[in-house]
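Undergrad: Below is input16.cif; it holds mmCIF, N, CA and C atoms and all ligand atoms.
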data_protein
#
loop_
_atom_site.label_atom_id
_atom_site.label_comp_id
_atom_site.auth_asym_id
_atom_site.auth_seq_id
_atom_site.Cartn_x
_atom_site.Cartn_y
_atom_site.Cartn_z
N MET A 1 164.54 21.96 75.39
CA MET A 1 164.20 21.19 76.57
C MET A 1 163.65 19.82 76.13
N ASP A 2 164.16 18.80 76.73
CA ASP A 2 163.75 17.45 76.31
C ASP A 2 162.66 16.94 77.23
N THR A 3 161.47 16.78 76.68
CA THR A 3 160.37 16.28 77.50
C THR A 3 160.06 14.81 77.23
N VAL A 4 160.85 14.21 76.33
CA VAL A 4 160.61 12.81 75.99
C VAL A 4 161.20 11.93 77.09
N THR A 5 160.39 11.05 77.62
CA THR A 5 160.90 10.10 78.61
C THR A 5 161.07 8.74 77.93
N SER A 6 162.05 8.04 78.34
CA SER A 6 162.32 6.74 77.74
C SER A 6 161.76 5.65 78.64
N VAL A 7 160.70 5.02 78.18
CA VAL A 7 160.09 3.94 78.95
C VAL A 7 160.42 2.64 78.24
N PRO A 8 160.96 1.68 78.97
CA PRO A 8 161.30 0.43 78.28
C PRO A 8 160.04 -0.26 77.76
N PRO A 9 160.16 -0.95 76.65
CA PRO A 9 158.98 -1.65 76.11
C PRO A 9 158.57 -2.81 77.02
N LEU A 10 157.31 -3.23 76.87
CA LEU A 10 156.83 -4.41 77.60
C LEU A 10 157.52 -5.66 77.08
N CYS A 11 157.69 -5.70 75.76
CA CYS A 11 158.37 -6.82 75.12
C CYS A 11 158.54 -6.46 73.65
N GLN A 12 159.19 -7.32 72.92
CA GLN A 12 159.27 -7.16 71.48
C GLN A 12 158.04 -7.84 70.85
N LEU A 13 157.62 -7.30 69.71
CA LEU A 13 156.45 -7.89 69.04
C LEU A 13 156.69 -9.38 68.79
N ASP A 14 157.90 -9.74 68.40
CA ASP A 14 158.19 -11.13 68.07
C ASP A 14 158.25 -12.04 69.30
N ASP A 15 158.17 -11.47 70.50
CA ASP A 15 158.09 -12.30 71.71
C ASP A 15 156.71 -12.94 71.84
N ILE A 16 155.74 -12.40 71.08
CA ILE A 16 154.37 -12.92 71.14
C ILE A 16 154.12 -13.69 69.85
N PRO A 17 153.78 -14.96 69.93
CA PRO A 17 153.49 -15.68 68.69
C PRO A 17 152.30 -15.04 67.97
N ASP A 18 152.38 -14.92 66.63
CA ASP A 18 151.26 -14.36 65.89
C ASP A 18 150.04 -15.28 66.06
N GLY A 19 148.93 -14.69 66.50
CA GLY A 19 147.74 -15.49 66.81
C GLY A 19 147.78 -16.06 68.21
N GLY A 20 148.80 -15.72 68.97
CA GLY A 20 148.96 -16.27 70.30
C GLY A 20 149.01 -15.20 71.36
N ALA A 21 149.56 -15.56 72.50
CA ALA A 21 149.55 -14.67 73.65
C ALA A 21 150.78 -14.92 74.51
N THR A 22 151.09 -13.93 75.32
CA THR A 22 152.11 -14.10 76.34
C THR A 22 151.73 -13.26 77.54
N ALA A 23 152.48 -13.41 78.62
CA ALA A 23 152.27 -12.59 79.81
C ALA A 23 153.54 -11.78 80.07
N VAL A 24 153.34 -10.54 80.48
CA VAL A 24 154.46 -9.68 80.87
C VAL A 24 154.08 -8.96 82.15
N ASP A 25 155.10 -8.56 82.89
CA ASP A 25 154.87 -7.73 84.07
C ASP A 25 154.99 -6.27 83.67
N ALA A 26 154.10 -5.44 84.18
CA ALA A 26 154.11 -4.02 83.82
C ALA A 26 153.84 -3.19 85.05
N LEU A 27 154.47 -2.03 85.08
CA LEU A 27 154.23 -1.10 86.17
C LEU A 27 153.13 -0.13 85.75
N LEU A 28 151.97 -0.30 86.33
CA LEU A 28 150.83 0.57 86.03
C LEU A 28 150.66 1.56 87.17
N SER A 29 149.74 2.49 87.00
CA SER A 29 149.51 3.47 88.06
C SER A 29 149.04 2.76 89.33
N SER A 30 148.42 1.59 89.18
CA SER A 30 147.94 0.82 90.34
C SER A 30 149.02 -0.08 90.94
N GLY A 31 150.22 -0.09 90.34
CA GLY A 31 151.29 -0.94 90.84
C GLY A 31 151.69 -1.96 89.79
N GLU A 32 152.54 -2.90 90.17
CA GLU A 32 153.00 -3.89 89.20
C GLU A 32 151.93 -4.95 89.00
N GLU A 33 151.64 -5.22 87.74
CA GLU A 33 150.60 -6.18 87.39
C GLU A 33 151.10 -7.08 86.28
N SER A 34 150.55 -8.29 86.24
CA SER A 34 150.79 -9.16 85.09
C SER A 34 149.77 -8.81 84.01
N LEU A 35 150.24 -8.70 82.79
CA LEU A 35 149.36 -8.42 81.65
C LEU A 35 149.34 -9.60 80.70
N ILE A 36 148.20 -9.81 80.09
CA ILE A 36 148.07 -10.72 78.95
C ILE A 36 148.22 -9.88 77.69
N LEU A 37 149.11 -10.28 76.81
CA LEU A 37 149.23 -9.61 75.52
C LEU A 37 148.84 -10.61 74.44
N LEU A 38 147.83 -10.24 73.65
CA LEU A 38 147.33 -11.08 72.57
C LEU A 38 147.71 -10.43 71.24
N ARG A 39 148.25 -11.21 70.34
CA ARG A 39 148.72 -10.65 69.06
C ARG A 39 147.94 -11.21 67.88
N GLN A 40 147.60 -10.32 66.96
CA GLN A 40 147.08 -10.70 65.64
C GLN A 40 147.86 -9.88 64.64
N GLY A 41 148.84 -10.46 64.00
CA GLY A 41 149.66 -9.72 63.05
C GLY A 41 150.43 -8.62 63.76
N ASP A 42 150.21 -7.37 63.33
CA ASP A 42 150.88 -6.23 63.97
C ASP A 42 150.03 -5.61 65.07
N GLN A 43 148.91 -6.21 65.37
CA GLN A 43 148.01 -5.66 66.39
C GLN A 43 148.19 -6.43 67.70
N VAL A 44 148.29 -5.70 68.80
CA VAL A 44 148.41 -6.32 70.12
C VAL A 44 147.36 -5.71 71.04
N ARG A 45 146.69 -6.58 71.78
CA ARG A 45 145.67 -6.14 72.73
C ARG A 45 146.13 -6.59 74.12
N GLY A 46 145.90 -5.75 75.12
CA GLY A 46 146.35 -6.08 76.47
C GLY A 46 145.21 -6.13 77.47
N TYR A 47 145.29 -7.09 78.37
CA TYR A 47 144.33 -7.20 79.48
C TYR A 47 145.12 -7.50 80.75
N LEU A 48 144.56 -7.10 81.88
CA LEU A 48 145.13 -7.54 83.14
C LEU A 48 144.99 -9.06 83.21
N ASN A 49 146.02 -9.71 83.71
CA ASN A 49 146.00 -11.16 83.85
C ASN A 49 145.32 -11.53 85.17
N ILE A 50 144.09 -11.08 85.27
CA ILE A 50 143.30 -11.28 86.48
C ILE A 50 141.91 -11.73 86.05
N CYS A 51 141.54 -12.93 86.45
CA CYS A 51 140.22 -13.44 86.07
C CYS A 51 139.16 -12.78 86.95
N PRO A 52 138.08 -12.25 86.35
CA PRO A 52 137.03 -11.64 87.17
C PRO A 52 136.31 -12.64 88.07
N HIS A 53 136.50 -13.94 87.85
CA HIS A 53 135.82 -14.92 88.69
C HIS A 53 136.36 -14.90 90.12
N THR A 54 137.64 -15.18 90.29
CA THR A 54 138.20 -15.20 91.65
C THR A 54 139.45 -14.36 91.79
N GLY A 55 139.85 -13.67 90.71
CA GLY A 55 141.03 -12.82 90.80
C GLY A 55 142.34 -13.55 90.56
N ARG A 56 142.26 -14.79 90.10
CA ARG A 56 143.50 -15.52 89.83
C ARG A 56 143.99 -15.27 88.41
N ARG A 57 145.25 -15.64 88.16
CA ARG A 57 145.80 -15.52 86.80
C ARG A 57 145.08 -16.50 85.89
N LEU A 58 145.07 -16.19 84.60
CA LEU A 58 144.37 -17.05 83.64
C LEU A 58 145.28 -18.07 82.98
N ASP A 59 146.61 -17.90 83.09
CA ASP A 59 147.52 -18.81 82.39
C ASP A 59 147.71 -20.12 83.18
N TYR A 60 147.99 -21.20 82.46
CA TYR A 60 148.19 -22.50 83.12
C TYR A 60 149.64 -22.70 83.50
N ALA A 61 150.52 -21.95 82.88
CA ALA A 61 151.93 -21.85 83.25
C ALA A 61 152.30 -20.42 82.87
N PRO A 62 153.35 -19.86 83.46
CA PRO A 62 153.61 -18.45 83.18
C PRO A 62 153.70 -18.14 81.69
N GLY A 63 152.79 -17.28 81.22
CA GLY A 63 152.79 -16.87 79.82
C GLY A 63 152.13 -17.85 78.87
N LYS A 64 151.57 -18.94 79.40
CA LYS A 64 150.93 -19.96 78.55
C LYS A 64 149.42 -19.91 78.77
N PHE A 65 148.70 -19.61 77.69
CA PHE A 65 147.25 -19.42 77.78
C PHE A 65 146.53 -20.42 76.90
N LEU A 66 145.31 -20.76 77.32
CA LEU A 66 144.44 -21.60 76.51
C LEU A 66 143.69 -20.70 75.54
N LEU A 67 143.98 -20.83 74.25
CA LEU A 67 143.34 -20.02 73.21
C LEU A 67 142.59 -20.96 72.28
N LYS A 68 141.38 -20.59 71.95
CA LYS A 68 140.60 -21.40 71.02
C LYS A 68 139.77 -20.48 70.17
N ASN A 69 139.90 -20.63 68.85
CA ASN A 69 139.25 -19.70 67.92
C ASN A 69 139.57 -18.28 68.37
N ASP A 70 138.57 -17.46 68.63
CA ASP A 70 138.86 -16.09 69.05
C ASP A 70 138.64 -15.90 70.54
N THR A 71 138.78 -16.99 71.30
CA THR A 71 138.55 -16.88 72.74
C THR A 71 139.80 -17.22 73.53
N LEU A 72 139.78 -16.77 74.77
CA LEU A 72 140.82 -17.04 75.76
C LEU A 72 140.11 -17.70 76.94
N ILE A 73 140.63 -18.84 77.36
CA ILE A 73 139.94 -19.63 78.38
C ILE A 73 140.78 -19.63 79.65
N CYS A 74 140.16 -19.24 80.75
CA CYS A 74 140.86 -19.25 82.03
C CYS A 74 141.19 -20.68 82.41
N ALA A 75 142.45 -20.91 82.76
CA ALA A 75 142.90 -22.27 83.07
C ALA A 75 142.39 -22.76 84.42
N VAL A 76 141.83 -21.87 85.23
CA VAL A 76 141.44 -22.29 86.58
C VAL A 76 140.08 -22.99 86.57
N HIS A 77 139.05 -22.31 86.09
CA HIS A 77 137.72 -22.93 86.06
C HIS A 77 137.06 -22.84 84.69
N GLY A 78 137.79 -22.42 83.68
CA GLY A 78 137.28 -22.51 82.32
C GLY A 78 136.42 -21.35 81.83
N ALA A 79 136.41 -20.21 82.51
CA ALA A 79 135.68 -19.07 81.97
C ALA A 79 136.25 -18.73 80.59
N THR A 80 135.37 -18.43 79.65
CA THR A 80 135.75 -18.22 78.26
C THR A 80 135.50 -16.76 77.88
N PHE A 81 136.55 -16.09 77.41
CA PHE A 81 136.49 -14.65 77.11
C PHE A 81 136.72 -14.42 75.63
N ASN A 82 135.97 -13.47 75.06
CA ASN A 82 136.30 -12.99 73.71
C ASN A 82 137.66 -12.33 73.75
N GLN A 83 138.53 -12.69 72.79
CA GLN A 83 139.82 -12.00 72.73
C GLN A 83 139.65 -10.53 72.36
N GLY A 84 138.63 -10.23 71.55
CA GLY A 84 138.47 -8.88 71.02
C GLY A 84 138.02 -7.85 72.02
N ASP A 85 137.15 -8.24 72.96
CA ASP A 85 136.64 -7.25 73.91
C ASP A 85 136.71 -7.69 75.36
N GLY A 86 137.21 -8.89 75.61
CA GLY A 86 137.40 -9.33 76.99
C GLY A 86 136.13 -9.76 77.69
N LEU A 87 135.01 -9.83 76.94
CA LEU A 87 133.74 -10.24 77.56
C LEU A 87 133.75 -11.73 77.84
N CYS A 88 133.31 -12.10 79.04
CA CYS A 88 133.17 -13.52 79.38
C CYS A 88 131.86 -14.02 78.79
N ILE A 89 131.96 -15.00 77.88
CA ILE A 89 130.78 -15.49 77.17
C ILE A 89 130.33 -16.85 77.68
N ALA A 90 131.12 -17.49 78.54
CA ALA A 90 130.73 -18.78 79.10
C ALA A 90 131.54 -19.02 80.36
N GLY A 91 130.93 -19.76 81.29
CA GLY A 91 131.66 -20.09 82.50
C GLY A 91 131.15 -19.31 83.69
N PRO A 92 131.88 -19.38 84.80
CA PRO A 92 131.34 -18.90 86.07
C PRO A 92 131.23 -17.39 86.20
N CYS A 93 131.84 -16.62 85.32
CA CYS A 93 131.71 -15.15 85.42
C CYS A 93 131.15 -14.58 84.12
N ARG A 94 130.28 -15.33 83.48
CA ARG A 94 129.66 -14.89 82.23
C ARG A 94 129.08 -13.48 82.38
N GLY A 95 129.35 -12.64 81.40
CA GLY A 95 128.85 -11.27 81.42
C GLY A 95 129.83 -10.27 82.00
N GLU A 96 130.87 -10.76 82.68
CA GLU A 96 131.89 -9.83 83.19
C GLU A 96 133.00 -9.68 82.14
N HIS A 97 133.90 -8.72 82.38
CA HIS A 97 134.95 -8.43 81.42
C HIS A 97 136.32 -8.54 82.06
N LEU A 98 137.30 -8.97 81.27
CA LEU A 98 138.69 -8.72 81.61
C LEU A 98 138.91 -7.21 81.56
N ARG A 99 139.85 -6.71 82.34
CA ARG A 99 140.14 -5.28 82.30
C ARG A 99 141.18 -4.98 81.24
N GLU A 100 140.80 -4.20 80.26
CA GLU A 100 141.71 -3.89 79.16
C GLU A 100 142.77 -2.90 79.61
N VAL A 101 143.97 -3.11 79.14
CA VAL A 101 145.08 -2.18 79.36
C VAL A 101 145.56 -1.75 77.98
N SER A 102 145.61 -0.46 77.74
CA SER A 102 145.91 0.06 76.42
C SER A 102 147.40 -0.08 76.11
N VAL A 103 147.68 -0.78 75.02
CA VAL A 103 149.07 -0.97 74.58
C VAL A 103 149.16 -0.60 73.11
N GLN A 104 150.35 -0.31 72.64
CA GLN A 104 150.54 0.02 71.23
C GLN A 104 151.86 -0.54 70.75
N VAL A 105 151.90 -0.81 69.46
CA VAL A 105 153.12 -1.32 68.84
C VAL A 105 153.84 -0.14 68.20
N GLU A 106 155.10 0.00 68.55
CA GLU A 106 155.95 1.04 67.95
C GLU A 106 157.17 0.35 67.38
N GLY A 107 157.24 0.31 66.07
CA GLY A 107 158.34 -0.42 65.45
C GLY A 107 158.22 -1.89 65.78
N ASP A 108 159.26 -2.44 66.39
CA ASP A 108 159.25 -3.86 66.74
C ASP A 108 158.88 -4.10 68.19
N ALA A 109 158.49 -3.04 68.91
CA ALA A 109 158.30 -3.17 70.36
C ALA A 109 156.87 -2.86 70.76
N VAL A 110 156.46 -3.45 71.87
CA VAL A 110 155.11 -3.24 72.41
C VAL A 110 155.26 -2.39 73.67
N HIS A 111 154.51 -1.29 73.71
CA HIS A 111 154.57 -0.35 74.83
C HIS A 111 153.19 -0.17 75.44
N LEU A 112 153.18 0.20 76.72
CA LEU A 112 151.95 0.73 77.30
C LEU A 112 151.64 2.04 76.59
N THR A 113 150.37 2.29 76.35
CA THR A 113 149.98 3.61 75.83
C THR A 113 150.12 4.61 76.96
N ALA A 114 150.62 5.78 76.63
CA ALA A 114 150.85 6.79 77.67
C ALA A 114 149.58 7.00 78.48
N GLY A 115 149.73 7.07 79.79
CA GLY A 115 148.60 7.29 80.67
C GLY A 115 147.94 6.00 81.12
N ALA A 116 148.39 4.84 80.62
CA ALA A 116 147.78 3.57 81.03
C ALA A 116 148.13 3.28 82.48
S1 LIG B 201 139.42 -18.11 88.28
FE1 LIG B 201 139.05 -17.96 86.14
S2 LIG B 201 137.28 -19.19 85.86
FE2 LIG B 201 137.63 -19.28 88.00
#
Translate this file's structure into structure tokens.
Ligand code: FES

TA:
Amino acid sequence: MDTVTSVPPLCQLDDIPDGGATAVDALLSSGEESLILLRQGDQVRGYLNICPHTGRRLDYAPGKFLLKNDTLICAVHGATFNQGDGLCIAGPCRGEHLREVSVQVEGDAVHLTAGA
């Protein structure tokens, strides 16, 4: 009996610049959402592309994010988030977090972690 389901990947690892980010649409249990995918080498971290300040997207153009050192800056009002944990360290929603979405790299592709 085959219990393996085939879920298409979110994107290929090479679709994300190393040290950079992109946005993809994903079907989560809550519905379709835009995700931010941040890459460091073979590691990819995912967050909902929803700023805790007003609920708007953080990119200044689709899939284009302001990245500086290890932070991600919301293009709307400049809230600054740690890339590593999504904590807002400066700006209008300081102390709040981006919502992490669990993703994993399998081979050359980036997938949602099962149950995400
Ligand atoms: S919507 Fe992101 S800082 Fe205001």

Undergrad: In Å to one decimal, how far is CA of Val103 in chain A from atom N of Leu72 in chain A?

TA: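 Atom N of Leu72 in chain A sits 18.3 Å away from CA of Val103 in chain A.
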
Undergrad: Taking only C-alpha atoms and all ligand atoms into account, which residues are within 7 Å of ligand LIG 201 (chain B), as a list of chain:residue names?

TA: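 Result of the 7 Å neighbour search around ligand LIG 201 (chain B): A:Cys51, A:Pro52, A:His53, A:Thr54, A:Gly55, A:Arg56, A:Leu58, A:Cys74, A:Ala75, A:Val76, A:His77, A:Gly78, A:Ala79, A:Gly91, A:Pro92, A:Cys93.
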
Undergrad: Given the choices A:Leu28, A:Ala61, A:Leu37, A:Leu112, which gets closest to Ile16 in chain A if the distance is worked out from only N, CA and C atoms?

TA: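 Nearest to Ile16 in chain A: A:Leu37.
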
Undergrad: Which of chain A end up as strand (DSSP E) when DSSP is run on this backbone - answer as JSON, numbers by chain?

TA: {"A": [11, 12, 21, 22, 23, 24, 25, 26, 27, 28, 31, 32, 33, 34, 35, 36, 37, 38, 39, 40, 43, 44, 45, 46, 47, 48, 66, 67, 68, 71, 72, 73, 80, 81, 82, 88, 89, 90, 100, 101, 103, 104, 105, 106, 109, 110, 111, 112]}

Undergrad: Residues near Gly19 in chain A, anyone? I mean within 6 Å using all atoms listed in the file, not counting same-chain ones fewer than 4 positions away, as a list in words.

TA: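 Once the nearby chain positions are removed, what remains is Arg39, Gln40 and Gly41 of chain A.
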
Undergrad: Between atom N of Thr80 in chain A and atom N of Gly95 in chain A, measure the distance and give it in Å to one decimal.

TA: 8.5 Å

Undergrad: At what distance in Å, to one decimal, does CA of Cys88 in chain A lie from CA of Asp15 in chain A?

TA: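 For CA of Asp15 in chain A relative to CA of Cys88 in chain A, the distance reads 26.1 Å.
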